[in-house]
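One structure is given here, and the rest of the page talks about it.
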There are 2 protein chains.
Amino acid sequence: MLAEIITIGDEILIGQVIDTNSAWMGQKLNEIGIAVKQITSISDHQEAILNGLTEALQHADIILITGGLGPTKDDITKHTLCKFFGAELVLNEDALENVKQIFARFNRPLIDVNIKQAEVPDNCVVIQNKNGTAPGMWFEYNGKIVVSMPGVPFEMMGMMEDYVLPALKKRFDVDNILHKTIITAGLGESFLAKEIEDIEDALPANIKLAYLPKLGQVRLRLSAIGTNKNLLLEQVENFSSQITARIPNHIIALEDISIQEAILKRLTENGLKLATAESCTGGYMAHLFTSIPGSSLAYVGGAVSYSNTLKQQMLGVKSQTLEQFGAVSEETVKEMALGALKNYGADYSIACSGIAGPDGGTEEKPVGTVWVAVANKHKVLAKKFQFGNKRMQNIERTAINGFYFLWRLMKGIE
Amino acid sequence: MLAEIITIGDEILIGQVIDTNSAWMGQKLNEIGIAVKQITSISDHQEAILNGLTEALQHADIILITGGLGPTKDDITKHTLCKFFGAELVLNEDALENVKQIFARFNRPLIDVNIKQAEVPDNCVVIQNKNGTAPGMWFEYNGKIVVSMPGVPFEMMGMMEDYVLPALKKRFDVDNILHKTIITAGLGESFLAKEIEDIEDALPANIKLAYLPKLGQVRLRLSAIGTNKNLLLEQVENFSSQITARIPNHIIALEDISIQEAILKRLTENGLKLATAESCTGGYMAHLFTSIPGSSLAYVGGAVSYSNTLKQQMLGVKSQTLEQFGAVSEETVKEMALGALKNYGADYSIACSGIAGPDGGTEEKPVGTVWVAVANKHKVLAKKFQFGNKRMQNIERTAINGFYFLWRLMKGIE
């Protein structure tokens with residue numbers, strides 16, 4: 001069973017917003033065995049929507065559309081769907097009740113455009129919106145399904161989880177698709193491929209291996225398709241074990257989790273605490289840790305010591321260290337890590353200081369120069385990285401490479 | 001002149017990675033007056049690529065393809081393009097030299113699959129890759145242009161900036177597209193629309209207004225198309241001024257910058273310093289500030305005081321305050337803001353404490369309960385928010401709503 005996702009909105013095409021809805025929908029559809037054939041982003045012009053829908057109906061059996069259902073004049077999806085399906089708009093009482101309740105909750109008067117949001121084409125099944133005012137619409141068309149939902153992520157997610165996914169699952173009896181992801185770090189894509197070449201060559205036709213490189217990590221994804229779920233599971237586990245046995249020191253996790261999640265999991269299991277001391281990443285490491293539910297079990301907190309004054313005050317870095325070696329140095333970053341360990345009562349700490357850019361580089365320490373230190377009660381290790389001149393990339397690379405450095409300390413890998 | 005972007009890779013369709021390349025490319029193309037008609041994501045199967053390319057050539061004059069150029073077996077774009085354009089692969093000496101240099105720089109031996117990356121179809125113009133091993137390819141086909149680039153973002157960006165964008169700009173003499181974005185906060189989409197309805201109704205046919213709501217903010221985008229750039233500029237400025245005059249207290253910026261960028265800009269201009277004190281946002285506020293180049297001019301740093309112990313130790317929150325009112329309370333969050341102001345030598349501070357979820361809520365303080373405080377030398381203000389039960393959303397909403405609260409304090413808006 002094949003699906004196509006259509007996202008509507010000029011803001012996507014001109015790059016003002018990044019389409020995150022499609023990735024989420026793709027994941028959820030895959031989980032119930034529906035493969036996404038194509039994701040298409042088009043403009044909110046009637047002609048583009050009509051063409052996009054016509055083409056999608058040639059590719060796929062299930063078309064999920066998001067966007068263009070808001071109350072303002074640039075939202076034309078509903079009218080265009082009426083035209084495509086030869087429908088008239090009628091007021092839906094349940095949708096109106098929902099709009100009224102939302103406005104009552106926020107103590108706001110109901111205005112005309114909001115009432116109009118409760119109007120729907122007369123030949124669709126209405127999907128109520130628990131998180132917003134625009135209802136969703138489910139059309140049946142020549143044996144195919146077309147669903148239109150709002151573009152606001154949590155409104156779309158609510159409808160998918162409450163209605164669309166269960167309904168699709170019930171309707172279609174599909175093949176199983178099984179994915180297993182292995183997170184590796186410290187080996188480039190081509191070296192990793194070379195290391196496991198014979199394992200990859202021995203994969204049967206129904207199992208595919210994909211390499212997903214990302215900033216010092218490569219995610220390996222085994223995808224198996226077939227009718228017998230247990231057999232697929234067994235096949236995938238077999239190949240996953242072979243890969244793991246080949247490169248044991250580079251395996252971070254055998255599930256699709258981030259390296260920071262793997263770190264927190266291991267710390268939590270061992271009742272250990274972690275603190276951060278960040279200069280150039282400016283809170284990004286802390287953010288990556290605290291994005292994970294339950295992170296407070298292992299992560300106590302940390303310093304964003306952006307200025308030199310705060311490096312001394314928050315972490316106890318000595319002023320002579322800063323004077324003699326500079327803020328971006330092995331000595332400073334080690335003192336930062338040890339300061340965080342001590343001041344914040346942690347068992348492990350990670351610290352960094354670097355020149356994120358685009359300005360601030362010198363000949364001796366160009367933009368992209370970064371020192372990272374990791375510490376526990378027995379050891380403090382520091383490492384220098386030389387990244388490029390793109391600020392956001394430098395921040396991300398510092399965090400991810402720093403986490404791998406911490407992971408090695410935690411696992412005792414030299 | 002219309003372009004279509006095709007991104008290739010199963011990882012996009014199954015939602016394992018979010019396609020961020022397209023948004024960046026869309027922005028850059030727009031800046032040189034090329035409109036993106038469609039963005040299409042397809043699987044790395046030969047048939048899907050051939051179909052996708054065939055359909056794209058019906059929609060657009062310029063097709064930009066990313067992905068599927070890596071060294072591993074799942075990367076089939078190059079071979080598929082050979083088939084489509086009836087070409088043979090030949091070794092490109094410059095590309096090989098580039099691969100060799102990259103491997104030499106990292107002190108790694110060159111293996112066979114890496115040499116193969118220097119092979120290119122014999123009928124394309126080769127685009128050298130300064131940031132990686134896979135070269136790009138520029139094909140001319142029935143008066144249309146097809147460009148294939150790697151999917152790794154900074155490799156694609158390098159090729160676009162160095163070669164593709166300048167070449168497209170030179171080739172096409174296009175209409176001007178002018179965008180102006182107005183950032184508003186504190187007014188919902190439909191209320192904002194109602195407030196400026198008459199201004200919107202008076203827009204000429206060549207100017208479009210779009211509403212882009214996002215977590216407590218609405219970005220308004222005026223887009224004008226025409227041949228006379230000065231006239232367009234004048235038209236857009238005229239309507240922008242009308243909107244600004246109508247809702248002065250809700251205007252954050254008259255350019256497409258974030259609210260945190262607007263805050264830092266204002267602080268820097270006035271020589272003022274900012275500090276953060278975060279509990280539930282766990283470093284996200286600091287990260288948003290420090291993502292901005294030059295942020296160190298106004299942002300000194302802050303505490304990620306995740307545990308109660310660190311709230312006391314880093315920010316001087318009193319233990320009796322925590323005992324009597326709890327960590328998520330007006331009293332605690334005010335002490336956090338004042339502590340950051342004093343300890344970190346800042347002129348303004350922002351603090352938050354809340355229950356991000358998914359667990360940790362109580363009947364009195366359910367998941368999504370958040371207190372934010374903002375302070376300067378004369379005043380400390382606190383505000384309670386009740387968000388939903390999604391962790392990442394709660395973190396984002398706390399930051400953005402908190403920033404708007406800080407903005408109002410800075411501007412003296414009651």
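In the structure tokens, each chain is lettered A, B, ... as it comes, each chain's residues begin at 1, and ligands are numbered from 1 in order of appearance.
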Residues of chain B within 6 Å of chain A, only C-alpha atoms counted, as a ChimeraX atom specification: /B:13-15,18,23-24,26-27,36,38-42,282-284,286-287,290,300-307
Spatial neighbours of A:Ser349, max dist 6 Å, only C-alpha atoms, sep filter under 2 positions, as a ChimeraX atom specification: /A:274-276,337,341,374-375
Got time to write the residues from that selection, N, CA, C and O atoms, as a compact mmCIF listing (two decimals), in the first residue's frame?
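The result, stored in again22.txt:
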# COMPACT_ATOMS: atom_id res chain seq x y z
N LEU A 274 25.46 13.72 35.67
CA LEU A 274 26.22 14.43 34.64
C LEU A 274 26.00 15.93 34.74
O LEU A 274 24.89 16.39 35.01
N ALA A 275 27.07 16.71 34.52
CA ALA A 275 26.95 18.17 34.46
C ALA A 275 27.67 18.68 33.22
O ALA A 275 28.57 18.02 32.69
N THR A 276 27.28 19.85 32.75
CA THR A 276 27.89 20.44 31.56
C THR A 276 28.52 21.79 31.89
O THR A 276 28.10 22.46 32.83
N ALA A 337 35.82 21.56 33.02
CA ALA A 337 35.23 20.23 33.27
C ALA A 337 35.35 19.86 34.74
O ALA A 337 34.39 19.36 35.35
N LEU A 341 32.33 19.32 37.54
CA LEU A 341 32.28 18.06 38.29
C LEU A 341 32.13 18.35 39.79
O LEU A 341 31.29 17.80 40.48
N VAL A 374 36.44 16.03 28.95
CA VAL A 374 35.48 15.19 29.66
C VAL A 374 36.18 14.71 30.93
O VAL A 374 37.38 14.50 30.94
N ALA A 375 35.41 14.58 32.00
CA ALA A 375 36.03 14.21 33.28
C ALA A 375 35.14 13.29 34.09
O ALA A 375 33.91 13.32 33.96
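Each of A:Val218, A:Ile183, A:Ile32, A:Leu89 was checked against A:Glu261 using only C-alpha atoms; the smallest atom-to-atom distance is that of A:Ile183.
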Stretch 8-163 of chain B: residues DSSP assigns to helix (DSSP H, G or I), reported as an MDAnalysis selection string: chainID B and resid 10:13 21:31 46:59 77:85 93:105 112:116 153:163
Residues of stretch 10-238 of chain B in strand (DSSP E or B), written as a PyMOL selection string: chain B and resi 35-42+62-66+89-91+119-121+125-127+136-141+144-149+176-185+207-214+217-226
Selected residues written out, C-alpha atoms, as an mmCIF file, in the first residue's frame:
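Saved result, again.cif, follows:
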data_model
loop_
_atom_site.group_PDB
_atom_site.id
_atom_site.type_symbol
_atom_site.label_atom_id
_atom_site.label_comp_id
_atom_site.auth_asym_id
_atom_site.auth_seq_id
_atom_site.Cartn_x
_atom_site.Cartn_y
_atom_site.Cartn_z
ATOM 1 C CA ALA B 35 10.528 30.696 -7.952
ATOM 2 C CA VAL B 36 10.345 27.131 -6.699
ATOM 3 C CA LYS B 37 7.276 25.486 -8.192
ATOM 4 C CA GLN B 38 7.522 22.199 -6.326
ATOM 5 C CA ILE B 39 9.685 20.238 -3.898
ATOM 6 C CA THR B 40 9.592 16.485 -4.372
ATOM 7 C CA SER B 41 11.128 13.809 -2.163
ATOM 8 C CA ILE B 42 11.491 10.359 -3.668
ATOM 9 C CA ILE B 62 15.516 24.117 -13.677
ATOM 10 C CA ILE B 63 15.687 20.854 -11.748
ATOM 11 C CA LEU B 64 17.966 20.700 -8.712
ATOM 12 C CA ILE B 65 18.530 17.220 -7.347
ATOM 13 C CA THR B 66 20.205 16.359 -4.043
ATOM 14 C CA LEU B 89 30.871 7.213 -16.658
ATOM 15 C CA VAL B 90 34.384 8.603 -17.117
ATOM 16 C CA LEU B 91 37.025 9.423 -14.515
ATOM 17 C CA GLU B 119 33.692 9.151 -12.021
ATOM 18 C CA VAL B 120 31.104 11.335 -13.751
ATOM 19 C CA PRO B 121 28.773 11.066 -16.777
ATOM 20 C CA VAL B 125 29.697 19.890 -16.600
ATOM 21 C CA VAL B 126 31.429 18.767 -13.392
ATOM 22 C CA ILE B 127 30.955 20.884 -10.258
ATOM 23 C CA GLY B 136 28.195 17.691 -8.608
ATOM 24 C CA MET B 137 26.867 17.471 -12.176
ATOM 25 C CA TRP B 138 25.226 20.074 -14.432
ATOM 26 C CA PHE B 139 23.288 18.738 -17.428
ATOM 27 C CA GLU B 140 21.705 20.673 -20.280
ATOM 28 C CA TYR B 141 18.620 18.907 -21.618
ATOM 29 C CA LYS B 144 16.327 22.893 -19.474
ATOM 30 C CA ILE B 145 18.901 22.507 -16.715
ATOM 31 C CA VAL B 146 19.309 19.518 -14.424
ATOM 32 C CA VAL B 147 21.819 19.743 -11.573
ATOM 33 C CA SER B 148 22.709 16.857 -9.260
ATOM 34 C CA MET B 149 24.398 17.555 -5.902
ATOM 35 C CA ASN B 176 11.998 40.445 -9.455
ATOM 36 C CA ILE B 177 10.414 38.747 -6.472
ATOM 37 C CA LEU B 178 10.522 40.823 -3.343
ATOM 38 C CA HIS B 179 9.639 39.542 0.106
ATOM 39 C CA LYS B 180 9.223 41.551 3.242
ATOM 40 C CA THR B 181 8.515 39.873 6.532
ATOM 41 C CA ILE B 182 6.973 41.509 9.577
ATOM 42 C CA ILE B 183 7.318 39.614 12.848
ATOM 43 C CA THR B 184 4.365 40.032 15.194
ATOM 44 C CA ALA B 185 3.665 38.522 18.594
ATOM 45 C CA ILE B 207 1.327 41.686 -3.941
ATOM 46 C CA LYS B 208 0.381 38.724 -1.791
ATOM 47 C CA LEU B 209 0.104 38.613 1.991
ATOM 48 C CA ALA B 210 0.744 35.367 3.856
ATOM 49 C CA TYR B 211 0.237 34.573 7.546
ATOM 50 C CA LEU B 212 2.777 32.207 9.081
ATOM 51 C CA PRO B 213 1.736 31.408 12.624
ATOM 52 C CA LYS B 214 4.244 29.762 14.933
ATOM 53 C CA GLN B 217 4.066 34.618 16.900
ATOM 54 C CA VAL B 218 2.670 35.324 13.458
ATOM 55 C CA ARG B 219 5.059 36.197 10.666
ATOM 56 C CA LEU B 220 3.429 38.317 7.975
ATOM 57 C CA ARG B 221 5.037 37.988 4.581
ATOM 58 C CA LEU B 222 4.389 40.483 1.808
ATOM 59 C CA SER B 223 5.510 39.115 -1.577
ATOM 60 C CA ALA B 224 5.609 41.343 -4.615
ATOM 61 C CA ILE B 225 6.410 40.362 -8.184
ATOM 62 C CA GLY B 226 7.144 42.672 -11.102
#
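Distance check against A:Gln117 using only C-alpha atoms: of A:Lys383, A:Asn142, A:Pro150, A:Leu267, the minimum falls on A:Pro150.
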For atom CA of A:Met410 and atom CA of A:Leu264, the interatomic separation in Å (one decimal): 11.0 Å
A:Lys334 surroundings by only C-alpha atoms, 9 Å radius, close-in-sequence under 3 positions cut, as JSON, numbers by chain: {"A": [317, 329, 330, 331, 337, 338, 339, 351, 352, 372, 373, 374, 375, 380, 381, 382]}
So that I have them on file, write out the residues from the current selection with N, CA, C and O atoms, as an mmCIF file, in the first residue's frame.
data_model
loop_
_atom_site.group_PDB
_atom_site.id
_atom_site.type_symbol
_atom_site.label_atom_id
_atom_site.label_comp_id
_atom_site.auth_asym_id
_atom_site.auth_seq_id
_atom_site.Cartn_x
_atom_site.Cartn_y
_atom_site.Cartn_z
ATOM 1 N N VAL A 317 37.565 28.581 36.943
ATOM 2 C CA VAL A 317 38.744 28.651 36.074
ATOM 3 C C VAL A 317 39.645 29.773 36.618
ATOM 4 O O VAL A 317 39.153 30.857 36.966
ATOM 5 N N SER A 329 41.619 26.736 25.130
ATOM 6 C CA SER A 329 42.866 26.030 25.379
ATOM 7 C C SER A 329 42.590 24.759 26.157
ATOM 8 O O SER A 329 41.541 24.622 26.806
ATOM 9 N N GLU A 330 43.538 23.846 26.113
ATOM 10 C CA GLU A 330 43.424 22.598 26.851
ATOM 11 C C GLU A 330 43.275 22.866 28.351
ATOM 12 O O GLU A 330 42.437 22.274 29.025
ATOM 13 N N GLU A 331 44.097 23.817 28.842
ATOM 14 C CA GLU A 331 44.123 24.089 30.272
ATOM 15 C C GLU A 331 42.766 24.631 30.747
ATOM 16 O O GLU A 331 42.231 24.182 31.767
ATOM 17 N N ALA A 337 35.820 21.560 33.016
ATOM 18 C CA ALA A 337 35.234 20.235 33.270
ATOM 19 C C ALA A 337 35.349 19.858 34.740
ATOM 20 O O ALA A 337 34.390 19.363 35.350
ATOM 21 N N LEU A 338 36.519 20.119 35.324
ATOM 22 C CA LEU A 338 36.719 19.773 36.735
ATOM 23 C C LEU A 338 35.862 20.656 37.642
ATOM 24 O O LEU A 338 35.324 20.199 38.651
ATOM 25 N N GLY A 339 35.718 21.915 37.259
ATOM 26 C CA GLY A 339 34.866 22.835 38.019
ATOM 27 C C GLY A 339 33.416 22.373 38.023
ATOM 28 O O GLY A 339 32.745 22.391 39.071
ATOM 29 N N ALA A 351 32.933 19.628 29.000
ATOM 30 C CA ALA A 351 33.137 21.072 28.870
ATOM 31 C C ALA A 351 33.660 21.379 27.482
ATOM 32 O O ALA A 351 34.313 20.537 26.855
ATOM 33 N N CYS A 352 33.385 22.579 27.008
ATOM 34 C CA CYS A 352 33.955 22.968 25.719
ATOM 35 C C CYS A 352 34.205 24.466 25.675
ATOM 36 O O CYS A 352 33.566 25.251 26.368
ATOM 37 N N VAL A 372 37.537 20.332 23.743
ATOM 38 C CA VAL A 372 36.516 19.666 24.554
ATOM 39 C C VAL A 372 37.229 18.904 25.659
ATOM 40 O O VAL A 372 38.292 18.324 25.418
ATOM 41 N N ALA A 373 36.693 18.923 26.869
ATOM 42 C CA ALA A 373 37.223 18.082 27.951
ATOM 43 C C ALA A 373 36.094 17.263 28.544
ATOM 44 O O ALA A 373 34.944 17.715 28.602
ATOM 45 N N VAL A 374 36.439 16.031 28.950
ATOM 46 C CA VAL A 374 35.478 15.188 29.664
ATOM 47 C C VAL A 374 36.176 14.712 30.933
ATOM 48 O O VAL A 374 37.383 14.504 30.938
ATOM 49 N N ALA A 375 35.406 14.581 32.002
ATOM 50 C CA ALA A 375 36.029 14.211 33.284
ATOM 51 C C ALA A 375 35.138 13.293 34.089
ATOM 52 O O ALA A 375 33.911 13.320 33.960
ATOM 53 N N VAL A 380 40.704 13.370 33.759
ATOM 54 C CA VAL A 380 40.181 14.433 32.885
ATOM 55 C C VAL A 380 40.955 14.374 31.580
ATOM 56 O O VAL A 380 42.188 14.342 31.562
ATOM 57 N N LEU A 381 40.215 14.293 30.474
ATOM 58 C CA LEU A 381 40.831 14.185 29.150
ATOM 59 C C LEU A 381 40.402 15.364 28.301
ATOM 60 O O LEU A 381 39.262 15.803 28.379
ATOM 61 N N ALA A 382 41.317 15.856 27.482
ATOM 62 C CA ALA A 382 40.952 16.958 26.591
ATOM 63 C C ALA A 382 41.341 16.617 25.169
ATOM 64 O O ALA A 382 42.265 15.833 24.927
#
Å distance separating atom CA of A:Ile199 from atom CA of A:Glu255, one decimal place: 19.2 Å
Exercise: A:Lys318 partners within 9 Å, only C-alpha atoms, chain neighbours under 4 positions left out, as a PyMOL selection string: chain A and resi 311-312+322-323+332+335
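Interatomic distance, atom CA of A:Glu88 against atom CA of A:Ala118: 13.3 Å.
Taking only C-alpha atoms into account, A:Ile252 lies nearest to A:Lys411 out of the set A:Lys169, A:Lys78, A:Lys411, A:Lys83.
In this comparison, which uses only C-alpha atoms, the residue of B:Leu187, B:Glu155, B:Leu203, B:Ile102 approaching B:Gln242 most closely is B:Leu203.
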